[in-house]
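Asker: Coordinates in data_25.cif, mmCIF, C-alpha atoms and all ligand atoms, are listed below.
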data_target
loop_
_atom_site.label_atom_id
_atom_site.label_comp_id
_atom_site.auth_asym_id
_atom_site.auth_seq_id
_atom_site.Cartn_x
_atom_site.Cartn_y
_atom_site.Cartn_z
CA MET A 271 0.00 0.00 0.00
CA SER A 272 1.27 3.48 -0.87
CA TYR A 273 1.55 6.26 1.69
CA THR A 274 -1.27 8.16 -0.04
CA GLU A 275 -3.60 5.19 0.28
CA ALA A 276 -2.64 4.70 3.90
CA LYS A 277 -3.19 8.38 4.59
CA GLU A 278 -6.73 8.12 3.23
CA LYS A 279 -7.46 5.02 5.21
CA TYR A 280 -6.35 6.72 8.42
CA ALA A 281 -8.18 9.95 7.52
CA ALA A 282 -11.41 7.94 7.34
CA LEU A 283 -10.85 7.07 11.01
CA GLY A 284 -10.14 10.68 11.86
CA VAL A 285 -6.38 10.10 12.16
CA ASP A 286 -4.02 12.66 10.62
CA THR A 287 -0.91 10.85 9.40
CA GLU A 288 0.89 14.11 8.64
CA ALA A 289 0.49 15.23 12.25
CA ALA A 290 1.81 11.84 13.42
CA LEU A 291 4.87 12.12 11.16
CA THR A 292 5.60 15.64 12.36
CA LYS A 293 5.24 14.64 16.00
CA LEU A 294 7.35 11.48 15.73
CA LYS A 295 10.23 13.46 14.28
CA THR A 296 10.51 15.50 17.49
CA VAL A 297 10.50 12.64 20.01
CA PRO A 298 14.00 12.08 21.43
CA LEU A 299 15.05 8.47 21.89
CA SER A 300 18.22 7.75 23.83
CA LEU A 301 20.58 5.23 22.30
CA HIS A 302 22.42 3.10 24.88
CA CYS A 303 26.08 2.85 23.90
CA TRP A 304 26.66 -0.33 25.91
CA GLN A 305 25.14 -2.77 23.40
CA GLY A 306 28.10 -1.91 21.16
CA ASP A 307 30.80 -3.51 23.33
CA ASP A 308 28.91 -5.94 25.58
CA VAL A 309 28.88 -3.46 28.50
CA ARG A 310 32.66 -3.55 28.96
CA GLY A 311 33.57 0.13 28.86
CA PHE A 312 37.06 1.60 28.56
CA ASP A 313 38.10 2.45 32.09
CA THR A 314 39.07 -0.93 33.48
CA ASP A 315 40.72 -4.14 32.31
CA PRO A 316 38.65 -5.32 29.31
CA THR A 317 38.98 -8.95 30.40
CA LYS A 318 37.36 -8.25 33.77
CA PRO A 319 33.99 -9.86 34.31
CA LEU A 320 30.78 -7.89 33.93
CA THR A 321 29.34 -7.63 37.45
CA GLY A 322 26.26 -6.11 39.05
CA GLY A 323 24.00 -9.05 38.29
CA ILE A 324 23.80 -8.40 34.55
CA GLN A 325 25.15 -10.66 31.83
CA THR A 326 25.84 -10.67 28.11
CA THR A 327 25.93 -13.95 26.25
CA GLY A 328 27.26 -14.74 22.79
CA SER A 329 30.50 -14.22 20.93
CA TYR A 330 29.49 -12.69 17.62
CA PRO A 331 32.59 -11.25 15.94
CA GLY A 332 33.25 -7.54 15.49
CA ARG A 333 32.73 -6.13 18.97
CA ALA A 334 33.88 -2.51 19.36
CA ARG A 335 37.05 -2.54 21.47
CA THR A 336 38.07 1.10 21.51
CA PRO A 337 36.35 4.49 21.72
CA GLN A 338 37.07 5.00 18.03
CA GLU A 339 35.45 1.70 17.08
CA LEU A 340 32.43 2.29 19.28
CA MET A 341 31.94 5.79 17.88
CA ALA A 342 32.19 4.48 14.33
CA ASP A 343 29.58 1.82 15.12
CA ILE A 344 27.25 4.30 16.75
CA ALA A 345 27.62 6.67 13.79
CA GLU A 346 26.49 3.77 11.59
CA VAL A 347 23.46 3.15 13.85
CA LEU A 348 22.49 6.82 13.79
CA LYS A 349 22.59 6.81 9.98
CA LEU A 350 20.03 4.03 9.89
CA CYS A 351 17.56 5.37 12.46
CA PRO A 352 15.20 8.22 11.59
CA GLY A 353 14.01 10.97 13.91
CA THR A 354 15.54 12.62 16.98
CA LYS A 355 18.23 10.65 18.76
CA LYS A 356 20.16 11.23 21.94
CA MET A 357 23.23 9.41 23.24
CA ASN A 358 23.22 7.44 26.48
CA LEU A 359 26.62 6.77 28.06
CA HIS A 360 27.91 5.07 31.17
CA ALA A 361 30.76 6.48 33.25
CA SER A 362 32.82 3.43 32.30
CA TYR A 363 33.03 4.86 28.77
CA ALA A 364 35.45 7.59 29.91
CA ILE A 365 38.16 8.23 27.34
CA PHE A 366 41.69 8.63 28.66
CA GLU A 367 44.52 10.07 26.65
CA ASP A 368 48.30 9.81 26.77
CA GLY A 369 48.48 7.04 29.32
CA GLU A 370 46.36 8.98 31.80
CA TRP A 371 43.79 7.11 33.91
CA ALA A 372 41.35 8.13 36.63
CA ASP A 373 39.42 5.90 38.98
CA ARG A 374 35.65 6.18 39.07
CA ASP A 375 35.66 8.60 41.99
CA ALA A 376 38.02 10.95 40.16
CA LEU A 377 36.34 11.10 36.76
CA GLU A 378 36.06 14.57 35.30
CA PRO A 379 34.21 16.22 32.45
CA LYS A 380 37.43 16.25 30.40
CA HIS A 381 37.31 12.46 30.22
CA PHE A 382 34.13 12.84 28.18
CA ALA A 383 35.30 15.66 25.91
CA LYS A 384 35.54 13.28 22.93
CA TRP A 385 31.94 12.19 23.49
CA VAL A 386 30.81 15.79 23.74
CA GLN A 387 32.50 16.44 20.43
CA PHE A 388 30.82 13.35 18.95
CA CYS A 389 27.40 14.59 20.12
CA LYS A 390 27.94 18.18 19.07
CA GLU A 391 28.99 17.19 15.56
CA ARG A 392 25.65 15.44 15.22
CA GLY A 393 23.43 17.83 17.17
CA LEU A 394 22.69 15.21 19.80
CA GLY A 395 21.96 15.52 23.50
CA CYS A 396 23.50 13.01 25.88
CA ASP A 397 22.20 11.11 28.91
CA PHE A 398 24.54 9.68 31.49
CA ASN A 399 24.85 6.86 34.03
CA PRO A 400 27.24 6.41 36.92
CA THR A 401 28.75 2.90 36.72
CA PHE A 402 28.39 1.09 40.05
CA PHE A 403 29.55 -2.28 38.67
CA SER A 404 32.45 -4.03 36.89
CA HIS A 405 35.06 -2.53 39.21
CA PRO A 406 37.27 -3.97 41.98
CA LYS A 407 35.31 -1.95 44.56
CA ALA A 408 32.02 -3.33 43.24
CA ALA A 409 32.75 -6.97 44.03
CA GLY A 410 30.16 -6.76 46.81
CA LEU A 411 27.89 -3.90 47.81
CA THR A 412 28.43 -0.31 46.59
CA LEU A 413 26.18 2.53 47.79
CA THR A 414 24.65 0.18 50.38
CA SER A 415 27.96 -1.12 51.70
CA PRO A 416 28.50 -1.29 55.47
CA ASP A 417 32.17 -0.54 54.70
CA GLU A 418 32.35 3.25 54.87
CA ASP A 419 35.43 3.50 52.64
CA ILE A 420 33.72 1.60 49.87
CA ARG A 421 30.47 3.49 50.30
CA ASN A 422 32.26 6.85 50.26
CA PHE A 423 34.17 5.88 47.14
CA TRP A 424 30.88 5.29 45.33
CA ILE A 425 29.31 8.46 46.75
CA ARG A 426 32.26 10.37 45.27
CA HIS A 427 31.62 8.57 41.99
CA GLY A 428 27.98 9.72 42.05
CA ILE A 429 29.03 13.32 42.61
CA ALA A 430 31.65 13.14 39.86
CA CYS A 431 28.90 11.91 37.54
CA ILE A 432 26.60 14.81 38.41
CA ARG A 433 29.36 17.19 37.32
CA ILE A 434 29.86 15.25 34.10
CA SER A 435 26.09 15.29 33.47
CA GLU A 436 26.03 19.07 33.89
CA TYR A 437 28.91 19.31 31.45
CA PHE A 438 27.01 17.25 28.88
CA ALA A 439 23.91 19.40 29.28
CA ARG A 440 25.81 22.68 29.02
CA GLU A 441 27.86 21.60 26.04
CA THR A 442 25.12 19.94 24.02
CA GLY A 443 22.33 22.36 24.94
CA PHE A 444 20.00 19.50 25.91
CA PRO A 445 19.14 18.47 29.48
CA CYS A 446 20.88 15.32 30.68
CA LEU A 447 19.09 12.48 32.43
CA MET A 448 21.48 10.97 34.95
CA ASN A 449 20.25 7.55 35.98
CA ILE A 450 21.33 5.83 39.18
CA TRP A 451 21.13 2.07 39.14
CA ILE A 452 23.02 -0.25 41.47
CA GLY A 453 23.07 -4.03 41.46
CA ASP A 454 23.42 -4.24 45.25
CA GLY A 455 21.62 -7.18 46.76
CA PHE A 456 21.91 -10.69 48.13
CA LYS A 457 21.92 -14.14 46.60
CA ASP A 458 20.12 -15.68 49.55
CA VAL A 459 17.65 -14.58 52.15
CA PRO A 460 19.17 -11.63 54.03
CA ALA A 461 19.09 -11.07 57.77
CA ASP A 462 18.71 -7.33 57.41
CA ARG A 463 16.62 -5.90 54.61
CA MET A 464 16.29 -2.37 55.94
CA GLY A 465 19.92 -1.57 56.80
CA PRO A 466 21.16 -1.62 53.20
CA ARG A 467 18.19 0.48 52.12
CA MET A 468 18.81 3.07 54.82
CA ARG A 469 22.44 3.24 53.68
CA TYR A 470 21.31 3.54 50.05
CA MET A 471 19.04 6.43 51.05
CA ASP A 472 21.86 8.16 52.90
CA SER A 473 24.28 7.61 50.01
CA ILE A 474 22.00 9.15 47.39
CA ASP A 475 21.20 12.01 49.78
CA LYS A 476 24.92 12.67 50.03
CA ILE A 477 25.36 12.53 46.25
CA LEU A 478 22.50 14.97 45.71
CA SER A 479 23.75 17.32 48.41
CA CYS A 480 26.60 18.36 46.09
CA GLY A 481 24.05 20.67 44.50
CA TYR A 482 23.37 20.86 40.78
CA ASP A 483 21.40 22.81 38.23
CA LYS A 484 18.01 21.09 38.06
CA SER A 485 17.22 22.63 34.71
CA LEU A 486 20.27 20.90 33.25
CA VAL A 487 20.32 17.55 35.04
CA TYR A 488 17.39 15.30 35.82
CA VAL A 489 18.42 12.62 38.28
CA ALA A 490 16.60 9.32 37.79
CA LEU A 491 16.51 6.26 40.02
CA GLU A 492 16.00 2.80 38.50
CA SER A 493 14.47 -0.10 40.39
CA LYS A 494 15.06 -3.81 39.93
CA VAL A 495 13.51 -6.91 41.39
CA PHE A 496 16.47 -9.29 41.10
CA GLY A 497 19.73 -9.92 39.27
CA ILE A 498 22.09 -12.82 38.60
CA GLY A 499 23.63 -13.66 41.96
CA VAL A 500 21.25 -11.33 43.77
CA GLU A 501 18.12 -13.39 43.42
CA ALA A 502 16.76 -13.06 46.95
CA TYR A 503 16.96 -9.32 47.54
CA THR A 504 17.82 -6.07 45.84
CA ALA A 505 18.20 -2.90 47.88
CA GLY A 506 16.82 -0.78 45.04
CA SER A 507 13.44 -2.49 44.84
CA ALA A 508 10.45 -0.85 43.16
CA GLU A 509 8.98 0.44 46.42
CA PHE A 510 12.29 1.80 47.65
CA THR A 511 13.28 3.62 44.46
CA LEU A 512 9.83 5.03 43.74
CA SER A 513 9.41 6.30 47.30
CA TYR A 514 12.89 7.77 47.30
CA ALA A 515 12.51 9.41 43.88
CA MET A 516 9.17 10.95 44.80
CA SER A 517 10.28 12.18 48.21
CA ARG A 518 13.29 13.96 46.63
CA HIS A 519 11.51 15.12 43.47
CA LEU A 520 13.70 12.98 41.27
CA THR A 521 12.62 11.13 38.14
CA PRO A 522 11.55 7.52 38.69
CA LEU A 523 12.90 5.16 36.03
CA MET A 524 11.16 1.93 35.06
CA ASP A 525 12.97 -0.76 33.09
CA ASN A 526 10.40 -3.19 31.73
CA GLY A 527 12.73 -6.12 32.47
CA HIS A 528 12.76 -5.30 36.17
CA TYR A 529 9.42 -6.55 37.42
CA HIS A 530 7.74 -9.83 38.19
CA PRO A 531 6.93 -11.64 34.94
CA THR A 532 3.19 -10.89 34.82
CA GLU A 533 3.56 -7.23 35.79
CA VAL A 534 3.57 -4.78 32.90
CA VAL A 535 5.21 -1.37 32.79
CA SER A 536 2.54 -0.13 30.36
CA ASP A 537 0.04 -0.04 33.23
CA LYS A 538 2.51 1.65 35.56
CA ILE A 539 3.17 4.56 33.16
CA PRO A 540 -0.19 6.34 33.67
CA ALA A 541 -0.08 5.55 37.38
CA LEU A 542 3.25 7.32 37.79
CA LEU A 543 2.26 10.17 35.49
CA CYS A 544 -0.56 11.04 37.90
CA PHE A 545 2.04 12.02 40.47
CA ASN A 546 5.29 12.85 38.63
CA ASP A 547 6.07 15.65 36.19
CA ARG A 548 8.61 13.42 34.53
CA ILE A 549 9.28 9.71 34.41
CA ALA A 550 11.90 7.70 32.53
CA LEU A 551 11.82 4.35 30.76
CA HIS A 552 14.42 1.75 29.87
CA ILE A 553 12.94 -0.22 27.03
CA THR A 554 14.11 -3.81 26.79
CA ARG A 555 12.75 -7.32 26.11
CA GLY A 556 12.93 -10.09 28.64
CA ILE A 557 12.48 -13.66 27.52
CA ARG A 558 11.52 -15.74 30.57
CA TRP A 559 13.63 -13.44 32.76
CA ASP A 560 15.36 -10.05 32.57
CA SER A 561 17.38 -11.34 29.63
CA ASP A 562 17.86 -7.99 27.87
CA HIS A 563 17.04 -9.21 24.38
CA VAL A 564 16.87 -6.66 21.56
CA VAL A 565 13.63 -4.68 21.70
CA ALA A 566 11.04 -6.14 19.35
CA TYR A 567 7.94 -4.52 17.85
CA ASP A 568 5.91 -6.60 20.25
CA ASP A 569 2.72 -6.17 22.23
CA GLU A 570 4.23 -4.70 25.38
CA THR A 571 6.51 -2.27 23.53
CA LYS A 572 3.46 -1.06 21.60
CA GLU A 573 1.37 -0.94 24.77
CA MET A 574 3.99 1.13 26.61
CA MET A 575 4.22 3.64 23.77
CA LYS A 576 0.42 3.76 23.54
CA GLU A 577 0.29 4.80 27.18
CA VAL A 578 2.89 7.52 26.71
CA VAL A 579 0.98 8.86 23.71
CA ARG A 580 -2.49 8.52 25.24
CA CYS A 581 -1.38 10.29 28.39
CA ASN A 582 -0.18 13.07 26.13
CA ALA A 583 3.18 12.63 27.80
CA LEU A 584 5.73 12.41 24.98
CA ASP A 585 7.44 15.44 26.50
CA ARG A 586 7.26 14.10 30.06
CA VAL A 587 8.77 10.66 29.54
CA PHE A 588 12.47 10.14 28.91
CA LEU A 589 12.69 7.25 26.48
CA ALA A 590 15.79 5.07 26.24
CA THR A 591 16.71 1.65 24.93
CA ASP A 592 18.54 -0.75 27.27
CA TYR A 593 19.56 -4.26 26.25
CA PHE A 594 22.65 -6.22 25.27
CA ASP A 595 22.94 -9.22 22.98
CA ALA A 596 26.43 -10.44 22.06
CA SER A 597 25.16 -13.26 19.85
CA ILE A 598 24.27 -11.12 16.83
CA ASN A 599 25.74 -8.14 15.00
CA ARG A 600 25.80 -5.42 17.64
CA VAL A 601 25.27 -2.52 15.24
CA ALA A 602 22.23 -4.29 13.81
CA ALA A 603 21.00 -5.01 17.34
CA LEU A 604 20.97 -1.29 18.08
CA VAL A 605 19.28 -0.39 14.81
CA ILE A 606 16.60 -3.05 15.25
CA GLY A 607 15.71 -1.95 18.78
CA MET A 608 15.76 1.78 18.06
CA ARG A 609 13.61 1.43 14.96
CA ASN A 610 11.17 -0.80 16.82
CA VAL A 611 10.64 1.75 19.57
CA GLN A 612 10.07 4.43 16.95
CA LYS A 613 7.63 2.17 15.08
CA ALA A 614 5.77 1.58 18.33
CA ILE A 615 5.52 5.34 18.98
CA LEU A 616 4.24 5.84 15.44
CA THR A 617 1.70 3.05 15.86
CA ALA A 618 0.39 4.76 18.98
CA LEU A 619 0.25 8.15 17.26
CA LEU A 620 -1.81 6.59 14.46
CA LEU A 621 -4.61 5.33 16.67
CA PRO A 622 -7.92 7.18 17.04
CA ASN A 623 -7.15 7.53 20.74
CA GLU A 624 -9.80 10.13 21.54
CA LYS A 625 -12.54 8.06 19.92
CA LEU A 626 -11.45 4.94 21.77
CA LYS A 627 -11.50 6.80 25.09
CA GLU A 628 -15.01 7.99 24.33
CA LEU A 629 -16.15 4.40 23.81
CA GLN A 630 -14.68 3.47 27.19
CA ASP A 631 -16.34 6.40 28.93
CA ASN A 632 -19.66 5.53 27.32
CA GLY A 633 -19.36 1.93 28.43
CA GLU A 634 -19.32 0.68 24.82
CA PHE A 635 -16.91 -2.14 25.55
CA THR A 636 -17.98 -4.47 22.72
CA LYS A 637 -17.29 -1.80 20.13
CA LEU A 638 -14.09 -0.82 21.89
CA LEU A 639 -12.77 -4.37 21.68
CA ALA A 640 -13.87 -4.73 18.06
CA LEU A 641 -12.14 -1.50 17.01
CA GLN A 642 -9.00 -2.11 19.03
CA GLU A 643 -8.62 -5.47 17.31
CA GLU A 644 -9.35 -4.13 13.81
CA ASN A 645 -6.92 -1.26 14.38
CA LYS A 646 -4.11 -3.76 14.75
CA LEU A 647 -4.12 -4.29 10.98
CA LEU A 648 -4.06 -0.64 9.96
CA PRO A 649 -1.32 0.12 7.40
CA VAL A 650 1.25 1.53 9.79
CA GLY A 651 4.06 0.09 7.64
CA ALA A 652 3.33 2.45 4.76
CA VAL A 653 3.47 5.44 7.11
CA TRP A 654 6.70 4.16 8.69
CA ASP A 655 8.32 3.82 5.27
CA GLU A 656 7.27 7.38 4.50
CA PHE A 657 8.81 8.55 7.78
CA CYS A 658 12.11 6.85 6.95
CA THR A 659 12.21 8.20 3.41
CA ARG A 660 11.40 11.75 4.49
CA ASN A 661 14.13 11.54 7.11
CA ASN A 662 16.71 10.18 4.69
CA VAL A 663 17.13 6.72 6.15
CA PRO A 664 16.41 3.44 4.35
CA ALA A 665 12.78 2.27 4.51
CA GLY A 666 11.69 -1.32 5.10
CA SER A 667 14.53 -3.79 5.47
CA GLU A 668 16.73 -1.88 3.00
CA TRP A 669 18.95 -0.78 5.89
CA PHE A 670 20.23 -4.30 6.36
CA LYS A 671 22.35 -4.01 3.20
CA ASP A 672 24.31 -1.26 4.93
CA ILE A 673 24.88 -3.58 7.89
CA GLU A 674 26.16 -6.33 5.63
CA ASP A 675 28.64 -3.93 4.04
CA TYR A 676 29.66 -2.47 7.38
CA GLU A 677 30.17 -5.89 8.89
CA LYS A 678 32.31 -7.02 5.96
CA ASN A 679 34.35 -3.84 5.56
CA VAL A 680 34.70 -2.73 9.16
CA GLN A 681 33.63 -5.10 11.93
CA LEU A 682 35.08 -8.35 10.60
CA LEU A 683 38.46 -6.68 10.06
CA ARG A 684 38.76 -6.24 13.84
CA LYS A 685 40.98 -9.15 14.72
C1 LIG A 701 20.47 -3.40 34.68
C2 LIG A 701 19.83 -2.11 34.41
C3 LIG A 701 20.74 -1.00 33.95
C4 LIG A 701 21.82 -1.48 33.02
C5 LIG A 701 22.65 -0.39 32.42
C6 LIG A 701 23.93 -0.92 31.89
O1 LIG A 701 19.59 -4.41 34.92
O2 LIG A 701 18.81 -2.28 33.47
O3 LIG A 701 20.00 0.03 33.43
O4 LIG A 701 21.28 -2.22 31.97
O5 LIG A 701 22.79 0.64 33.28
ZN ZN A 702 17.87 -0.54 32.73
#
Could you take the file, read its structure, and then write that structure out as structure tokens?
Ligand code: RNT
Ligand code: ZN
Answerer:
Amino acid sequence: MSYTEAKEKYAALGVDTEAALTKLKTVPLSLHCWQGDDVRGFDTDPTKPLTGGIQTTGSYPGRARTPQELMADIAEVLKLCPGTKKMNLHASYAIFEDGEWADRDALEPKHFAKWVQFCKERGLGCDFNPTFFSHPKAAGLTLTSPDEDIRNFWIRHGIACIRISEYFARETGFPCLMNIWIGDGFKDVPADRMGPRMRYMDSIDKILSCGYDKSLVYVALESKVFGIGVEAYTAGSAEFTLSYAMSRHLTPLMDNGHYHPTEVVSDKIPALLCFNDRIALHITRGIRWDSDHVVAYDDETKEMMKEVVRCNALDRVFLATDYFDASINRVAALVIGMRNVQKAILTALLLPNEKLKELQDNGEFTKLLALQEENKLLPVGAVWDEFCTRNNVPAGSEWFKDIEDYEKNVQLLRK
């Protein structure tokens, strides 16, 4: 079906495809750099294990090993994704020059100057994450540690990251979302569940007390129900992080891999929007557990984006991808997930949302179900192709040719 035909079909339902295309173009989506190198980063020994209860599996060739390689890969991803993008970096992606090195508690804006340059050259904003894992001092607990030296080290890291986040915001001209996530927890049933949480509270209070410009940096706090090796207890549970974030006017962050298997983040979005000016999302795909598979154009991704759109909250929700699969081409993995989130936003923008709400309010549930089901087959693909073409990126699966060339000419030469 051509775009013109699709446009007419949608117009008959009262949906303006042009308005949807215009809107979609303005929605920033943060691209997580860590899919590109299997979450290894550049600031510690690359052979060290990934800790914090997260795991990558697979050994597909061509992993980015240096800042230059990762930047080249990300540039390739950006070329193949339409619309407004933002970068999303972890502190472990600091770039050191001339044999210099700084530990996590001594990181400075200058260690991210190359990334700022990368973003500025492309007109991108940048989000940021302190890295409380994959480090000798993160073998056990971090911000919840009963060892004051360890805890203070990580508090200093948090403060260093606030400064770096301000730097990103000032330099790029876009606000920076700085997300705090720690993997602290216990493998087996703990004897003290409250102590670590009280220490976590105190640690974040101390980080925030450094003072920062709230128009430049939005601090987010991400919850998690369990991780590998911390199956019984996580200090940063949903109740803890949401209560903390709300009591300090921070931005709560929900990762849709971080809940019990039958809970859905789509339903939590409107609940949190009732009480928070801003919320943040990490969009991922869990298969059977928080497996961080590449985001698919699946029911829950669509449902989450529907909620953001229906709540009229595209400018209140920070959207970011977050997953890592080392078993397939990593550049393709990023392109697939980014495009799928954008397709899901478009799908939501192309629904007759006001009409559907009216049916609900009038109690016309039979008609509501009938229309919601029929709407699933509307020609969103034709509108998506139009979006890609207008934004100078390949439509349909055309982009995969670029990946094949890039893999052959760049990634597979990395021996
Ligand atoms: C881990 C969290 C967290 C990380 C990144 C690397 O379960 O989802 O967001 O994926 O910070
Ligand atoms: Zn996450």
Asker: Within 10 Å of stretch 658-670 of chain A, counting all atoms listed in the file, which residues qualify if same-chain residues fewer than 6 places away don't, as a PyMOL selection string?
Answerer: chain A and resi 291+295+347-353+602+605-606+609+651-652+676
Asker: Determine the nearest neighbour of ligand ZN 702 (chain A) from the options A:Ala508, A:Ala282, A:Ile344, A:Leu551, counting all atoms listed in the file.
Answerer: A:Leu551
Asker: Under the rule that all atoms listed in the file are counted, which of A:Leu512, A:Val285, A:Ile425, A:Val565 is the nearest residue to A:Ala541?
Answerer: A:Leu512
Asker: Which protein, DNA or RNA residues have an atom at most 12 Å from (5.1, -3.3, 21.8), counting only C-alpha atoms? List them as a ChimeraX atom specification.
Answerer: /A:526,534-536,553-555,565-577,607,609-618,646
Asker: Could you save those same residues with C-alpha atoms as a PDB file, keeping the file's coordinate frame?
Answerer:
ATOM      1  CA  ASN A 526      10.400  -3.190  31.730  1.00  0.00           C
ATOM      2  CA  VAL A 534       3.570  -4.780  32.900  1.00  0.00           C
ATOM      3  CA  VAL A 535       5.210  -1.370  32.790  1.00  0.00           C
ATOM      4  CA  SER A 536       2.540  -0.130  30.360  1.00  0.00           C
ATOM      5  CA  ILE A 553      12.940  -0.220  27.030  1.00  0.00           C
ATOM      6  CA  THR A 554      14.110  -3.810  26.790  1.00  0.00           C
ATOM      7  CA  ARG A 555      12.750  -7.320  26.110  1.00  0.00           C
ATOM      8  CA  VAL A 565      13.630  -4.680  21.700  1.00  0.00           C
ATOM      9  CA  ALA A 566      11.040  -6.140  19.350  1.00  0.00           C
ATOM     10  CA  TYR A 567       7.940  -4.520  17.850  1.00  0.00           C
ATOM     11  CA  ASP A 568       5.910  -6.600  20.250  1.00  0.00           C
ATOM     12  CA  ASP A 569       2.720  -6.170  22.230  1.00  0.00           C
ATOM     13  CA  GLU A 570       4.230  -4.700  25.380  1.00  0.00           C
ATOM     14  CA  THR A 571       6.510  -2.270  23.530  1.00  0.00           C
ATOM     15  CA  LYS A 572       3.460  -1.060  21.600  1.00  0.00           C
ATOM     16  CA  GLU A 573       1.370  -0.940  24.770  1.00  0.00           C
ATOM     17  CA  MET A 574       3.990   1.130  26.610  1.00  0.00           C
ATOM     18  CA  MET A 575       4.220   3.640  23.770  1.00  0.00           C
ATOM     19  CA  LYS A 576       0.420   3.760  23.540  1.00  0.00           C
ATOM     20  CA  GLU A 577       0.290   4.800  27.180  1.00  0.00           C
ATOM     21  CA  GLY A 607      15.710  -1.950  18.780  1.00  0.00           C
ATOM     22  CA  ARG A 609      13.610   1.430  14.960  1.00  0.00           C
ATOM     23  CA  ASN A 610      11.170  -0.800  16.820  1.00  0.00           C
ATOM     24  CA  VAL A 611      10.640   1.750  19.570  1.00  0.00           C
ATOM     25  CA  GLN A 612      10.070   4.430  16.950  1.00  0.00           C
ATOM     26  CA  LYS A 613       7.630   2.170  15.080  1.00  0.00           C
ATOM     27  CA  ALA A 614       5.770   1.580  18.330  1.00  0.00           C
ATOM     28  CA  ILE A 615       5.520   5.340  18.980  1.00  0.00           C
ATOM     29  CA  LEU A 616       4.240   5.840  15.440  1.00  0.00           C
ATOM     30  CA  THR A 617       1.700   3.050  15.860  1.00  0.00           C
ATOM     31  CA  ALA A 618       0.390   4.760  18.980  1.00  0.00           C
ATOM     32  CA  LYS A 646      -4.110  -3.760  14.750  1.00  0.00           C
TER      33      LYS A 646
END
Asker: May I have the residues within 8 Å of stretch 310-321 of chain A as a list of chain:residue names, using only C-alpha atoms and disregarding those fewer than 4 positions away in the same chain?
Answerer: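 My reading of the contact set: A:Trp304, A:Gln325, A:Thr336, A:Pro337, A:His360, A:Ser362, A:Tyr363, A:Ala364, A:Ile365, A:Phe366, A:Trp371, A:Ala372, A:Asp373, A:Phe403, A:Ser404, A:His405, A:Ala408, A:Ala409.
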Asker: For atom CA of A:Met471 and atom CA of A:Thr414, determine how far apart the two atoms are, in Å to one decimal place.
Answerer: 8.4 Å
Asker: Contacts of A:Leu641 at 12 Å or less, counting all atoms listed in the file, minus same-chain residues fewer than 2 places along, as a PDB file with C-alpha atoms, in the frame of the given file?
Answerer:
ATOM      1  CA  LEU A 283     -10.850   7.070  11.010  1.00  0.00           C
ATOM      2  CA  LEU A 621      -4.610   5.330  16.670  1.00  0.00           C
ATOM      3  CA  PRO A 622      -7.920   7.180  17.040  1.00  0.00           C
ATOM      4  CA  ASN A 623      -7.150   7.530  20.740  1.00  0.00           C
ATOM      5  CA  LYS A 625     -12.540   8.060  19.920  1.00  0.00           C
ATOM      6  CA  LEU A 626     -11.450   4.940  21.770  1.00  0.00           C
ATOM      7  CA  LYS A 627     -11.500   6.800  25.090  1.00  0.00           C
ATOM      8  CA  LEU A 629     -16.150   4.400  23.810  1.00  0.00           C
ATOM      9  CA  GLN A 630     -14.680   3.470  27.190  1.00  0.00           C
ATOM     10  CA  GLU A 634     -19.320   0.680  24.820  1.00  0.00           C
ATOM     11  CA  PHE A 635     -16.910  -2.140  25.550  1.00  0.00           C
ATOM     12  CA  THR A 636     -17.980  -4.470  22.720  1.00  0.00           C
ATOM     13  CA  LYS A 637     -17.290  -1.800  20.130  1.00  0.00           C
ATOM     14  CA  LEU A 638     -14.090  -0.820  21.890  1.00  0.00           C
ATOM     15  CA  LEU A 639     -12.770  -4.370  21.680  1.00  0.00           C
ATOM     16  CA  GLU A 643      -8.620  -5.470  17.310  1.00  0.00           C
ATOM     17  CA  GLU A 644      -9.350  -4.130  13.810  1.00  0.00           C
ATOM     18  CA  ASN A 645      -6.920  -1.260  14.380  1.00  0.00           C
ATOM     19  CA  LYS A 646      -4.110  -3.760  14.750  1.00  0.00           C
ATOM     20  CA  LEU A 647      -4.120  -4.290  10.980  1.00  0.00           C
ATOM     21  CA  LEU A 648      -4.060  -0.640   9.960  1.00  0.00           C
TER      22      LEU A 648
END
Asker: So which residues touch A:Val297 within 10 Å, counting all atoms listed in the file, skipping near sequence neighbours fewer than 3 positions away, as a ChimeraX atom specification?
Answerer: /A:292-294,300,353-356,584-585,587-589,612,615
Asker: With all atoms listed in the file as the basis for distance, which of A:Gly322, A:Gly393, A:Pro379, A:Pro445 is at the shortest distance from ligand ZN 702 (chain A)?
Answerer: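 The shortest atom-to-atom distance to ligand ZN 702 (chain A) comes from A:Gly322.
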Asker: Neighbouring residues of ligand ZN 702 (chain A) are defined here as those with any atom at most 9 Å from a ligand atom, counting all atoms listed in the file; list them as JSON, numbers by chain.
Answerer: {"A": [451, 492, 493, 494, 523, 524, 525, 526, 527, 528, 551, 552, 553, 554, 562, 590, 591, 592, 593]}
Asker: Quick one: pull the distance between atom CA of A:Phe438 and atom CA of A:Phe402, Å, one decimal.
Answerer: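 So the answer is 19.7 Å.
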Asker: From the set A:Asn599, A:Ser415, A:Thr442, A:Asn449, which residue has the shortest atom-to-atom contact distance to ligand LIG 701 (chain A), counting only C-alpha atoms and all ligand atoms?
Answerer: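 Checking each of A:Asn599, A:Ser415, A:Thr442, A:Asn449 against ligand LIG 701 (chain A), counting only C-alpha atoms and all ligand atoms, the winner is A:Asn449.
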Asker: Please determine, counting only C-alpha atoms, which residue among A:Val579, A:Leu491, A:Ala603, A:Ile324 has the shortest atom-to-atom distance to A:Val309.
Answerer: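 Selected residue with least distance to A:Val309: A:Ile324.
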